[in-house]
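**Student:** Sharing a structure here in structure tokens format.
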Amino acid sequence: MPSRTEELAERARKVLVGGVNSPVRAKVKPYPLVVAYGKGSRVWDHDGNSYIDFILGYGPLVLGHANKTVAEAVSQVLEEGWLFGATTRHEILLAEKILGHVRPGGKIRFVNSGTEATMTAIRLARGYTNRKYIVKFEGCYHGAHDSVLVKAGSAAADTGAPVSPGVPEEAARLTLVARYNDPYSVEEVFRRHGDNIAAVIVEPVLGNYGVIPGSREFLATLRKLTREYGSLLIFDEVITGFRLSLGGAQEYYGIRADLVTLGKIIGGGFPIGAIVGDSDIMSNLAPEGKVFNAGTFNGHPASMAAGLATISVLEKGGLEKIHANSRLLCDILKEACSRAKVSCTVNCAPGMAQFFPHATNVERPEDIPPKAPSTYYKIHEDLLRRGVLIPPSQMEALFVSTEHSRDEIGILDVLAELVGGTG
Ligand SMILES: Cc1ncc(COP(=O)(O)O)c(C=O)c1O
């Protein structure tokens, strides 16, 4: 007899493409997890099995599942009505809060996802500079829109090629692709195309190719080149915002970007995205300027209230707790890897970590050994059977919340055995 979860997964497969609404979820086997509920650091399936969750909704749930402070803030919105097609105080409060940390004196536009944030930031950069090209880095993910669903094309041209059918080559050609943590590759791109580059977009800590922290030298080179050539520097902080520090990667690295895109944490687990920048650039967005952006759900009160509640907890010691937990996570993974029979390395940044089986040092995406993803996947499967949920892909990051206990994080010590066992 199939379990209740299996039965629901089968029904999902009949009506949802791949049984899911975002591809990575389908990687969990033998069938995508159908979650019944979550509380704190754990989620439960429909058969009463619980899992310690290191995915946390792919990053937003830094206070864990069903956090009471967030739930109460959203409940109040539900009593007052939740959509007006007009500004609410929640938008003002969250805008003031975010700008206070990320860009005092600047402005923000709220949208509904990280994808919309990067799409709008790129349009704004093109409108502001009146240039066409953008530069992205191999391995960085900036959401699911045409300008960024692009990989390196022929090395000589450094113009991008589509990663998905449906992305026109003509669109991909406007995205130049350089190598992450390789300042020379960006210098080369600027030498060839500098006067036509509207913006460089980068994940300051690469969180979509495992975890690979950007080197200070690399990020400083981006800052220098963009200034020199009159292009904008966009820090895509959808993952790093309010995680590396309250001021995000800009504060952590001491580098000021022209535009910052945010998402995930700032909505406390509700749909959100945002673009932040100095007023002179942001004022080019409609209605102050001509660069178009609009959205029925932009600034949705539930997302605003959830984000405000989340950031308020982070300010009052929550972020320190997360950093303490992620240091512990990092130490445990490193210790386990050091005892494993095959080589394995761990990369960490505040609030996030990832391990790479068979690797000795991962400073760039190309350092990940070709066999790492399959070994990683087997470990994910093994941990799932033990009631531990890590991302089903080497290319994602492990996250911890304020709610994870030492013992729950300590369970990952089993990695020593699992890495060796699958080598
Ligand atoms: C760095 C980065 N930018 C943009 C996005 C897209 O955000 P969303 O999934 O909310 O559209 C993601 C999603 O994981 C991301 O990690």
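Chain labels run A, B, ... following the order of the structure tokens; each chain numbers its residues from 1, and ligands are numbered from 1 in the order shown.
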Report as an NGL selection string which protein, DNA and RNA residues come within 8 Å of ligand 1, using only C-alpha atoms and all ligand atoms.
**Tutor:** :A and (58-59 or 112-118 or 140-144 or 203 or 206-208 or 236-240 or 261-264 or 271-273)
**Student:** Given the selection you just returned, output its residues as a file containing N, CA and C atoms, formatted as a tab-separated table (two decimals), in the first residue's frame.
**Tutor:**
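Everything below was put into out_17.tsv:
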```tsv
chain	number	residue	atom	x	y	z
A	58	TYR	N	14.74	26.97	0.72
A	58	TYR	CA	15.84	27.49	-0.10
A	58	TYR	C	16.26	28.89	0.35
A	59	GLY	N	16.18	29.09	1.66
A	59	GLY	CA	16.85	30.28	2.21
A	59	GLY	C	16.07	31.30	3.01
A	112	ASN	N	7.80	40.87	-6.44
A	112	ASN	CA	7.29	39.65	-5.81
A	112	ASN	C	8.24	38.47	-5.76
A	113	SER	N	9.41	38.60	-6.36
A	113	SER	CA	10.36	37.48	-6.35
A	113	SER	C	11.75	38.02	-6.65
A	114	GLY	N	12.74	37.18	-6.38
A	114	GLY	CA	14.12	37.54	-6.74
A	114	GLY	C	14.26	37.68	-8.24
A	115	THR	N	13.53	36.84	-8.98
A	115	THR	CA	13.56	36.91	-10.44
A	115	THR	C	13.12	38.30	-10.92
A	116	GLU	N	12.01	38.77	-10.39
A	116	GLU	CA	11.52	40.10	-10.79
A	116	GLU	C	12.51	41.19	-10.37
A	117	ALA	N	13.16	40.97	-9.24
A	117	ALA	CA	14.11	41.99	-8.75
A	117	ALA	C	15.29	42.13	-9.71
A	118	THR	N	15.89	40.99	-10.12
A	118	THR	CA	17.06	41.10	-11.00
A	118	THR	C	16.64	41.57	-12.39
A	140	CYS	N	26.65	31.69	-11.57
A	140	CYS	CA	25.72	32.51	-10.77
A	140	CYS	C	24.30	32.33	-11.29
A	141	TYR	N	23.36	32.31	-10.37
A	141	TYR	CA	21.94	32.21	-10.73
A	141	TYR	C	21.26	33.50	-10.29
A	142	HIS	N	20.49	34.10	-11.19
A	142	HIS	CA	19.80	35.34	-10.84
A	142	HIS	C	18.31	35.25	-11.12
A	143	GLY	N	17.77	34.02	-11.18
A	143	GLY	CA	16.34	33.87	-11.41
A	143	GLY	C	16.07	33.35	-12.80
A	144	ALA	N	14.78	33.28	-13.15
A	144	ALA	CA	14.35	32.56	-14.35
A	144	ALA	C	13.86	33.49	-15.45
A	203	GLU	N	26.57	37.45	-7.71
A	203	GLU	CA	26.27	36.99	-6.35
A	203	GLU	C	27.57	37.17	-5.56
A	206	LEU	N	28.69	33.20	-3.97
A	206	LEU	CA	27.95	32.37	-4.91
A	206	LEU	C	27.23	31.28	-4.10
A	207	GLY	N	25.90	31.33	-4.13
A	207	GLY	CA	25.12	30.38	-3.34
A	207	GLY	C	24.33	29.43	-4.21
A	208	ASN	N	24.60	29.47	-5.50
A	208	ASN	CA	23.87	28.60	-6.43
A	208	ASN	C	24.81	27.69	-7.20
A	236	ASP	N	23.62	40.97	-6.46
A	236	ASP	CA	22.41	40.18	-6.28
A	236	ASP	C	22.50	39.53	-4.90
A	237	GLU	N	21.78	40.14	-3.96
A	237	GLU	CA	21.83	39.70	-2.56
A	237	GLU	C	20.55	38.98	-2.16
A	238	VAL	N	19.94	38.30	-3.13
A	238	VAL	CA	18.72	37.55	-2.82
A	238	VAL	C	19.02	36.49	-1.74
A	239	ILE	N	20.21	35.91	-1.79
A	239	ILE	CA	20.59	34.96	-0.73
A	239	ILE	C	21.35	35.66	0.41
A	240	THR	N	22.30	36.53	0.06
A	240	THR	CA	23.19	37.07	1.10
A	240	THR	C	22.58	38.21	1.92
A	261	THR	N	19.89	43.76	-5.28
A	261	THR	CA	18.61	43.05	-5.38
A	261	THR	C	18.47	42.16	-4.15
A	262	LEU	N	17.26	42.16	-3.62
A	262	LEU	CA	16.97	41.38	-2.40
A	262	LEU	C	15.75	40.49	-2.65
A	263	GLY	N	15.57	39.51	-1.79
A	263	GLY	CA	14.41	38.62	-1.85
A	263	GLY	C	14.44	37.74	-0.61
A	264	LYS	N	13.90	36.56	-0.70
A	264	LYS	CA	13.98	35.54	0.36
A	264	LYS	C	13.76	36.09	1.77
A	271	PRO	N	6.15	35.67	-0.53
A	271	PRO	CA	6.77	36.08	-1.80
A	271	PRO	C	7.23	37.53	-1.78
A	272	ILE	N	8.47	37.74	-2.23
A	272	ILE	CA	9.00	39.11	-2.23
A	272	ILE	C	10.25	39.22	-3.09
A	273	GLY	N	10.52	40.40	-3.52
A	273	GLY	CA	11.79	40.77	-4.13
A	273	GLY	C	11.91	42.27	-3.96
```
**Student:** Would you kindly return, as a PyMOL selection string, each protein, DNA or RNA residue with an atom no farther than 12 Å from any atom of Arg131 (chain A), considering only C-alpha atoms and excluding same-chain residues fewer than 4 positions away?
**Tutor:** chain A and resi 122-127+135+174-175+193-199+229-232
**Student:** Given only C-alpha atoms as the basis, pick out the residue of A:Ala416, A:Ala36, A:Leu246, A:Val148 nearest to Gly318 (chain A).
**Tutor:**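 Between A:Ala416, A:Ala36, A:Leu246, A:Val148, the residue approaching Gly318 (chain A) most closely is A:Leu246.
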**Student:** Suppose you want the space between CA of Arg4 (chain A) and CA of Gly64 (chain A); what is it in Å?
**Tutor:**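 Atom-to-atom, CA of Arg4 (chain A) and CA of Gly64 (chain A) are spaced 25.0 Å apart.
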**Student:** Please give the complete set of residues from region 143-391 of chain A that DSSP, run on the backbone, assigns to strand (DSSP E or B), formatted as an MDAnalysis selection string.
**Tutor:** chainID A and resid 150:152 159:162 175:178 197:202 205:206 212:213 232:236 241 245 259:263 273:277 285 291 344:349 352:357 388:389
**Student:** Need the shell around Arg386 (chain A): protein/DNA/RNA residues with any atom at most 10 Å away, counting only C-alpha atoms. Skip same-chain ones fewer than 6 positions apart. Format as a PyMOL selection string?
**Tutor:** chain A and resi 50-52+380+411
**Student:** Could you turn the residues from that selection into a file that holds C-alpha atoms, as a PDB file, in the first residue's frame?
**Tutor:**
```
ATOM      1  CA  SER A  50       9.818  14.357  10.571  1.00  0.00           C
ATOM      2  CA  TYR A  51      12.959  15.758   8.956  1.00  0.00           C
ATOM      3  CA  ILE A  52      15.528  18.200  10.315  1.00  0.00           C
ATOM      4  CA  HIS A 380      21.376  13.472   0.418  1.00  0.00           C
ATOM      5  CA  ILE A 411      23.781  14.893  13.328  1.00  0.00           C
TER       6      ILE A 411
END
```
**Student:** Compile the contact shell of region 87-90 of chain A as a count of residues only: residues with an atom at most 7 Å away, counting only C-alpha atoms, same-chain residues fewer than 5 positions apart removed.
**Tutor:** 3
**Student:** Find, counting only C-alpha atoms, the residue in A:Phe235, A:Tyr209, A:Tyr31, A:Phe190 that gets nearest to Glu251 (chain A).
**Tutor:**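 Of A:Phe235, A:Tyr209, A:Tyr31, A:Phe190, the one nearest Glu251 (chain A), counting only C-alpha atoms, is A:Phe235.
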